[in-house]
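What's in run-v7.pdb: PDB, C-alpha atoms
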```pdb
MODEL        1
ATOM      1  CA  SER Q   1       0.000   0.000   0.000
ATOM      2  CA  LEU Q   2       0.991   3.649  -0.299
ATOM      3  CA  CYS Q   3       1.283   3.949   3.488
ATOM      4  CA  SER Q   4       3.732   1.062   3.674
ATOM      5  CA  LEU Q   5       5.828   2.575   0.903
ATOM      6  CA  LEU Q   6       5.979   5.902   2.686
ATOM      7  CA  ALA Q   7       6.955   4.175   5.911
ATOM      8  CA  THR Q   8      10.044   2.688   4.245
ATOM      9  CA  PRO Q   9      13.160   4.877   4.538
ATOM     10  CA  PRO Q  10      14.166   6.200   1.101
ATOM     11  CA  VAL Q  11      17.336   4.943  -0.529
ATOM     12  CA  PRO Q  12      20.142   7.515  -0.066
ATOM     13  CA  ILE Q  13      21.234   9.235  -3.274
ATOM     14  CA  PRO Q  14      25.024   9.581  -3.648
ATOM     15  CA  ALA Q  15      26.186  13.182  -3.571
ATOM     16  CA  SER Q  16      28.078  12.658  -6.832
ATOM     17  CA  LEU Q  17      24.772  12.184  -8.652
ATOM     18  CA  THR Q  18      23.311  15.455  -7.427
ATOM     19  CA  SER Q  19      26.371  17.732  -7.450
ATOM     20  CA  ASN Q  20      25.478  19.210 -10.850
ATOM     21  CA  ALA Q  21      21.727  18.623 -10.714
ATOM     22  CA  ARG Q  22      19.344  21.377 -11.759
ATOM     23  CA  VAL Q  23      15.621  21.776 -11.177
ATOM     24  CA  HIS Q  24      13.441  23.128 -13.985
ATOM     25  CA  PRO Q  25       9.829  24.266 -13.752
ATOM     26  CA  ASN Q  26       8.782  22.044 -16.677
ATOM     27  CA  ARG Q  27      10.094  19.805 -19.426
ATOM     28  CA  HIS Q  28      10.079  22.637 -21.950
ATOM     29  CA  ALA Q  29      12.565  24.613 -19.875
ATOM     30  CA  ALA Q  30      14.710  21.518 -19.389
ATOM     31  CA  LEU Q  31      14.845  20.830 -23.129
ATOM     32  CA  LEU Q  32      15.705  24.431 -23.964
ATOM     33  CA  ALA Q  33      18.431  24.529 -21.297
ATOM     34  CA  HIS Q  34      20.191  21.255 -22.081
ATOM     35  CA  VAL Q  35      19.403  19.599 -25.382
ATOM     36  CA  LYS Q  36      17.979  22.168 -27.777
ATOM     37  CA  PRO Q  37      18.859  20.777 -31.239
ATOM     38  CA  ALA Q  38      19.643  22.922 -34.245
ATOM     39  CA  LYS Q  39      16.965  23.732 -36.794
ATOM     40  CA  GLY Q  40      16.470  20.847 -39.214
ATOM     41  CA  ALA Q  41      17.359  18.170 -36.662
ATOM     42  CA  LYS Q  42      15.816  14.689 -36.497
ATOM     43  CA  ILE Q  43      13.840  13.919 -33.348
ATOM     44  CA  VAL Q  44      12.099  10.861 -31.880
ATOM     45  CA  GLU Q  45       9.360  11.142 -29.253
ATOM     46  CA  VAL Q  46       8.495   7.963 -27.353
ATOM     47  CA  GLY Q  47       5.026   8.444 -25.867
ATOM     48  CA  THR Q  48       2.989  11.322 -27.275
ATOM     49  CA  LEU Q  49      -0.421  11.103 -25.514
ATOM     50  CA  TYR Q  50      -2.285  14.232 -26.666
ATOM     51  CA  GLY Q  51       0.616  15.539 -28.731
ATOM     52  CA  GLN Q  52       1.311  18.724 -26.777
ATOM     53  CA  LEU Q  53       5.059  18.178 -26.506
ATOM     54  CA  ALA Q  54       5.351  16.962 -30.095
ATOM     55  CA  LYS Q  55       3.681  20.141 -31.338
ATOM     56  CA  TRP Q  56       5.823  22.243 -29.002
ATOM     57  CA  MET Q  57       8.996  20.678 -30.432
ATOM     58  CA  VAL Q  58       7.805  21.254 -33.995
ATOM     59  CA  HIS Q  59       7.098  24.911 -33.186
ATOM     60  CA  ASN Q  60      10.282  25.599 -31.183
ATOM     61  CA  PHE Q  61      12.878  23.295 -32.792
ATOM     62  CA  GLU Q  62      11.567  23.107 -36.394
ATOM     63  CA  PRO Q  63      13.049  19.648 -37.010
ATOM     64  CA  SER Q  64      13.255  18.212 -40.508
ATOM     65  CA  ASN Q  65      11.849  14.924 -39.216
ATOM     66  CA  LEU Q  66       9.831  13.976 -36.130
ATOM     67  CA  THR Q  67       9.104  10.310 -35.400
ATOM     68  CA  VAL Q  68       6.347   9.794 -32.834
ATOM     69  CA  MET Q  69       5.722   6.413 -31.141
ATOM     70  CA  ASP Q  70       2.868   5.314 -28.905
ATOM     71  CA  VAL Q  71       0.964   2.129 -28.017
ATOM     72  CA  SER Q  72      -2.338   4.018 -27.876
ATOM     73  CA  LEU Q  73      -4.381   4.371 -31.047
ATOM     74  CA  ARG Q  74      -6.086   7.400 -29.528
ATOM     75  CA  ALA Q  75      -2.695   9.040 -29.050
ATOM     76  CA  LEU Q  76      -1.682   8.201 -32.625
ATOM     77  CA  ALA Q  77      -4.892   9.811 -33.862
ATOM     78  CA  LYS Q  78      -3.698  13.060 -32.291
ATOM     79  CA  CYS Q  79      -0.498  12.664 -34.255
ATOM     80  CA  ARG Q  80      -1.892  11.947 -37.708
ATOM     81  CA  ASP Q  81      -5.622  12.773 -37.910
ATOM     82  CA  GLY Q  82      -7.574  16.008 -37.852
ATOM     83  CA  GLY Q  83      -6.808  19.641 -38.499
ATOM     84  CA  ASP Q  84      -5.021  20.085 -35.173
ATOM     85  CA  SER Q  85      -2.797  17.004 -35.492
ATOM     86  CA  THR Q  86       0.978  17.066 -35.151
ATOM     87  CA  ARG Q  87       1.333  16.056 -38.788
ATOM     88  CA  VAL Q  88      -0.702  19.034 -40.001
ATOM     89  CA  LEU Q  89       1.347  21.421 -37.856
ATOM     90  CA  GLY Q  90       4.525  19.824 -39.194
ATOM     91  CA  LYS Q  91       3.600  20.808 -42.751
ATOM     92  CA  LYS Q  92       3.513  24.442 -41.659
ATOM     93  CA  TYR Q  93       7.110  24.243 -40.387
ATOM     94  CA  GLY Q  94       8.494  21.917 -43.044
ATOM     95  CA  THR Q  95       8.659  18.964 -40.639
ATOM     96  CA  SER Q  96       7.983  15.441 -41.855
ATOM     97  CA  VAL Q  97       6.004  13.708 -39.065
ATOM     98  CA  ASN Q  98       6.034   9.915 -38.900
ATOM     99  CA  CYS Q  99       3.445   8.376 -36.537
ATOM    100  CA  ILE Q 100       4.204   4.812 -35.378
ATOM    101  CA  TRP Q 101       1.807   2.632 -33.405
ATOM    102  CA  GLY Q 102       3.325  -0.197 -31.385
ATOM    103  CA  SER Q 103       6.020  -1.213 -28.909
ATOM    104  CA  SER Q 104       8.645   1.528 -28.670
ATOM    105  CA  PRO Q 105      11.602  -0.788 -27.809
ATOM    106  CA  LYS Q 106      10.789  -2.821 -30.911
ATOM    107  CA  PHE Q 107      10.576   0.144 -33.259
ATOM    108  CA  LEU Q 108      13.485   2.024 -31.703
ATOM    109  CA  GLY Q 109      15.647  -0.939 -32.654
ATOM    110  CA  LYS Q 110      14.599  -0.520 -36.296
ATOM    111  CA  LEU Q 111      15.645   3.116 -36.575
ATOM    112  CA  GLU Q 112      18.708   4.102 -38.567
ATOM    113  CA  ASP Q 113      21.958   4.296 -36.627
ATOM    114  CA  ASP Q 114      23.161   7.673 -35.380
ATOM    115  CA  MET Q 115      20.614   9.552 -37.470
ATOM    116  CA  TYR Q 116      18.734  11.281 -34.647
ATOM    117  CA  ASP Q 117      19.709  14.350 -32.688
ATOM    118  CA  LEU Q 118      17.218  13.842 -29.857
ATOM    119  CA  ILE Q 119      15.283  10.816 -28.552
ATOM    120  CA  TYR Q 120      12.757  11.936 -25.940
ATOM    121  CA  VAL Q 121      11.565   9.003 -23.823
ATOM    122  CA  ASP Q 122       8.243   9.484 -22.031
ATOM    123  CA  GLY Q 123       6.288   6.322 -22.763
ATOM    124  CA  ASP Q 124       5.890   3.513 -20.258
ATOM    125  CA  HIS Q 125       6.463   4.998 -16.799
ATOM    126  CA  ALA Q 126       7.142   1.660 -15.117
ATOM    127  CA  TYR Q 127      10.784   1.016 -14.225
ATOM    128  CA  LYS Q 128      11.165  -1.928 -16.617
ATOM    129  CA  GLY Q 129       9.450  -0.034 -19.407
ATOM    130  CA  VAL Q 130      11.697   3.001 -19.058
ATOM    131  CA  CYS Q 131      14.791   0.791 -18.965
ATOM    132  CA  ALA Q 132      13.669  -1.049 -22.106
ATOM    133  CA  ASP Q 133      13.184   2.225 -23.993
ATOM    134  CA  LEU Q 134      16.523   3.650 -22.863
ATOM    135  CA  GLU Q 135      18.359   0.434 -23.696
ATOM    136  CA  ALA Q 136      16.809   0.375 -27.177
ATOM    137  CA  ALA Q 137      17.870   3.993 -27.733
ATOM    138  CA  ARG Q 138      21.400   3.198 -26.531
ATOM    139  CA  TYR Q 139      21.547   0.183 -28.838
ATOM    140  CA  ILE Q 140      21.255   2.478 -31.848
ATOM    141  CA  GLN Q 141      24.382   4.333 -30.724
ATOM    142  CA  ARG Q 142      26.299   1.148 -29.845
ATOM    143  CA  ARG Q 143      25.460  -0.375 -33.210
ATOM    144  CA  TYR Q 144      26.664   2.771 -34.977
ATOM    145  CA  ARG Q 145      29.912   2.952 -32.979
ATOM    146  CA  SER Q 146      30.640  -0.705 -33.770
ATOM    147  CA  ARG Q 147      30.224  -0.090 -37.494
ATOM    148  CA  LYS Q 148      32.335   3.055 -37.248
ATOM    149  CA  LEU Q 149      35.146   1.100 -35.556
ATOM    150  CA  ARG Q 150      35.090  -1.577 -38.248
ATOM    151  CA  ALA Q 151      35.266   1.113 -40.911
ATOM    152  CA  ALA Q 152      38.236   2.740 -39.149
ATOM    153  CA  LEU Q 153      40.087  -0.593 -38.972
ATOM    154  CA  ALA Q 154      39.414  -1.223 -42.656
ATOM    155  CA  SER Q 155      40.823   2.226 -43.491
ATOM    156  CA  THR Q 156      43.936   1.480 -41.427
ATOM    157  CA  VAL Q 157      44.466  -1.822 -43.231
ATOM    158  CA  ARG Q 158      44.174  -0.107 -46.611
ATOM    159  CA  ALA Q 159      46.697   2.515 -45.530
ATOM    160  CA  LEU Q 160      49.166  -0.226 -44.517
ATOM    161  CA  ARG Q 161      49.132  -2.109 -47.804
ATOM    162  CA  ALA Q 162      51.571   0.172 -49.609
ATOM    163  CA  PRO Q 163      54.320   0.165 -46.917
ATOM    164  CA  CYS Q 164      53.883  -3.592 -46.510
ATOM    165  CA  ARG Q 165      54.407  -4.146 -50.237
ATOM    166  CA  ARG Q 166      57.475  -1.902 -50.272
ATOM    167  CA  ALA Q 167      58.975  -3.629 -47.229
ATOM    168  CA  ARG Q 168      58.372  -7.051 -48.746
ATOM    169  CA  ARG Q 169      59.979  -6.122 -52.046
ATOM    170  CA  SER Q 170      62.954  -4.545 -50.302
ATOM    171  CA  CYS Q 171      63.540  -7.547 -48.051
ATOM    172  CA  CYS Q 172      63.043 -10.196 -50.698
ATOM    173  CA  ALA Q 173      65.271  -8.378 -53.169
ATOM    174  CA  GLN Q 174      68.210  -9.006 -50.820
ATOM    175  CA  LEU Q 175      67.790 -12.808 -50.971
ATOM    176  CA  ARG Q 176      69.532 -15.126 -53.433
ATOM    177  CA  PRO Q 177      67.231 -16.423 -56.195
ATOM    178  CA  SER Q 178      67.547 -19.998 -54.903
ATOM    179  CA  THR Q 179      66.145 -19.130 -51.492
ATOM    180  CA  ARG Q 180      63.802 -16.336 -52.498
ATOM    181  CA  ARG Q 181      60.711 -18.439 -53.086
ATOM    182  CA  ARG Q 182      61.179 -20.601 -50.001
ATOM    183  CA  ARG Q 183      61.604 -17.645 -47.662
ATOM    184  CA  ALA Q 184      59.318 -15.142 -49.386
ATOM    185  CA  ALA Q 185      56.391 -15.512 -46.952
ATOM    186  CA  GLU Q 186      58.615 -15.420 -43.878
ATOM    187  CA  CYS Q 187      60.482 -12.409 -45.233
ATOM    188  CA  ALA Q 188      57.273 -10.536 -45.984
ATOM    189  CA  ASN Q 189      55.995 -11.033 -42.466
ATOM    190  CA  ARG Q 190      59.265 -10.027 -40.823
ATOM    191  CA  ALA Q 191      59.715  -6.960 -43.005
ATOM    192  CA  CYS Q 192      56.142  -5.844 -42.498
ATOM    193  CA  CYS Q 193      56.368  -6.185 -38.736
ATOM    194  CA  ALA Q 194      59.622  -4.256 -38.744
ATOM    195  CA  VAL Q 195      58.101  -1.177 -40.350
ATOM    196  CA  VAL Q 196      54.519  -1.314 -39.081
ATOM    197  CA  ASP Q 197      53.496  -0.889 -35.443
ATOM    198  CA  ILE Q 198      49.956  -2.216 -35.350
ATOM    199  CA  SER Q 199      47.811  -4.823 -33.621
ATOM    200  CA  LYS Q 200      48.403  -8.415 -34.723
ATOM    201  CA  SER Q 201      44.646  -8.817 -35.123
ATOM    202  CA  ILE Q 202      44.673  -6.651 -38.268
ATOM    203  CA  THR Q 203      45.682  -8.535 -41.387
ATOM    204  CA  THR Q 204      45.741  -8.004 -45.151
ATOM    205  CA  SER Q 205      46.184 -10.364 -48.070
ATOM    206  CA  GLU Q 206      49.610  -8.773 -48.719
ATOM    207  CA  CYS Q 207      51.084  -9.231 -45.255
ATOM    208  CA  THR Q 208      50.244 -10.718 -41.876
ATOM    209  CA  CYS Q 209      52.005  -9.769 -38.677
ATOM    210  CA  ARG Q 210      52.683 -13.010 -36.822
ATOM    211  CA  ALA Q 211      53.974 -13.577 -33.303
ATOM    212  CA  SER Q 212      57.183 -15.111 -34.699
ATOM    213  CA  CYS Q 213      58.229 -11.814 -36.243
ATOM    214  CA  ALA Q 214      56.909  -9.396 -33.617
TER
ENDMDL
END
```

Can you give me the file's structure in the form of structure tokens?
Amino acid sequence: SLCSLLATPPVPIPASLTSNARVHPNRHAALLAHVKPAKGAKIVEVGTLYGQLAKWMVHNFEPSNLTVMDVSLRALAKCRDGGDSTRVLGKKYGTSVNCIWGSSPKFLGKLEDDMYDLIYVDGDHAYKGVCADLEAARYIQRRYRSRKLRAALASTVRALRAPCRRARRSCCAQLRPSTRRRRAAECANRACCAVVDISKSITTSECTCRASCA
């Protein structure tokens, strides 16, 4: 019961979590103070209810795209139907409004990676529901960072191919013809490792840094 909950001592909040905390009179003030995106941004709103905040963001932020999610068909009607809907207001400000009905964690996971400037989560207010929404939003960023890392490694490998080829040719040119073929692979690895300081996990078809020539 509520009385039993109030009778339980609250869990202490570490001072480190409140040292830079600020109190705002409403969510509009909080958004303007901390996360106001530039004009033409892409925004996601999880939980729209009557659409007041969605319309406020269209009016104040003028995003190029606003994706609205809700599990309530009545709420989605406020987004897409009628003369006072969010979609109609979006046309006035040049905002494309996408209204999605269904589970927000499911649809958040289908969004493009790192394409959104603001994801406003105000859907399920239960602890598990909030965690699920936040985790889905974080997954978009993690997925993007993983792809970005792979792309960076691929760029590094491409940059290493030329010095690896030069080192291999230089090393193998010093060998006698009779031993050149037999020792070509070993020479290439040793020469490459001598001129390139890079993780052994990165390989190319031209050269592979092995432990034996580290």

Find the smallest box with edges along x, y and z containing every listed atom of segment 41-60 of chain Q, then add 4 Å on each side and report centre and edge lengths in Å to one decimal, as lines of an AutoDock Vina configuration file.
```
center_x = 7.5
center_y = 16.8
center_z = -31.1
size_x = 27.6
size_y = 25.6
size_z = 19.1
```

Do a neighbour search on Thr86 of chain Q at 12 Å with all atoms listed in the file, toss out local chain neighbours closer than 2 positions, and write the hits as a compact mmCIF listing (two decimals) with C-alpha atoms, in the frame of the given file.
```txt
# COMPACT_ATOMS: atom_id res chain seq x y z
CA GLU Q 45 9.36 11.14 -29.25
CA THR Q 48 2.99 11.32 -27.28
CA LEU Q 49 -0.42 11.10 -25.51
CA TYR Q 50 -2.28 14.23 -26.67
CA GLY Q 51 0.62 15.54 -28.73
CA GLN Q 52 1.31 18.72 -26.78
CA LEU Q 53 5.06 18.18 -26.51
CA ALA Q 54 5.35 16.96 -30.10
CA LYS Q 55 3.68 20.14 -31.34
CA TRP Q 56 5.82 22.24 -29.00
CA MET Q 57 9.00 20.68 -30.43
CA VAL Q 58 7.80 21.25 -33.99
CA HIS Q 59 7.10 24.91 -33.19
CA ASN Q 65 11.85 14.92 -39.22
CA LEU Q 66 9.83 13.98 -36.13
CA THR Q 67 9.10 10.31 -35.40
CA VAL Q 68 6.35 9.79 -32.83
CA ALA Q 75 -2.70 9.04 -29.05
CA LEU Q 76 -1.68 8.20 -32.62
CA ALA Q 77 -4.89 9.81 -33.86
CA LYS Q 78 -3.70 13.06 -32.29
CA CYS Q 79 -0.50 12.66 -34.26
CA ARG Q 80 -1.89 11.95 -37.71
CA ASP Q 81 -5.62 12.77 -37.91
CA GLY Q 82 -7.57 16.01 -37.85
CA GLY Q 83 -6.81 19.64 -38.50
CA ASP Q 84 -5.02 20.08 -35.17
CA VAL Q 88 -0.70 19.03 -40.00
CA LEU Q 89 1.35 21.42 -37.86
CA GLY Q 90 4.53 19.82 -39.19
CA LYS Q 91 3.60 20.81 -42.75
CA LYS Q 92 3.51 24.44 -41.66
CA TYR Q 93 7.11 24.24 -40.39
CA GLY Q 94 8.49 21.92 -43.04
CA THR Q 95 8.66 18.96 -40.64
CA SER Q 96 7.98 15.44 -41.86
CA VAL Q 97 6.00 13.71 -39.06
CA ASN Q 98 6.03 9.91 -38.90
CA CYS Q 99 3.44 8.38 -36.54
```

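When all atoms listed in the file are used to compute distances to His28 of chain Q, the closest of the residues Q:Phe61, Q:Ala15, Q:Gly47, Q:Pro105 turns out to be Q:Phe61.
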
Exercise for the section: Excluding Tyr120 of chain Q and residues on its chain fewer than 5 positions from it, collect all residues at most 8 Å away from it, counting only C-alpha atoms, and give them as a PyMOL selection string. Expected result: chain Q and resi 43-46

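The coordinates place atom CA of Asn20 of chain Q at 13.7 Å from atom CA of Ala33 of chain Q.
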
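Applying the 9 Å criterion to (17.8, -3.6, -33.4) in file coordinates and using all atoms listed in the file, one obtains the residues Pro105, Lys106, Phe107, Leu108, Gly109, Lys110, Leu111, Ala136, Tyr139, Ile140 and Arg143 of chain Q.
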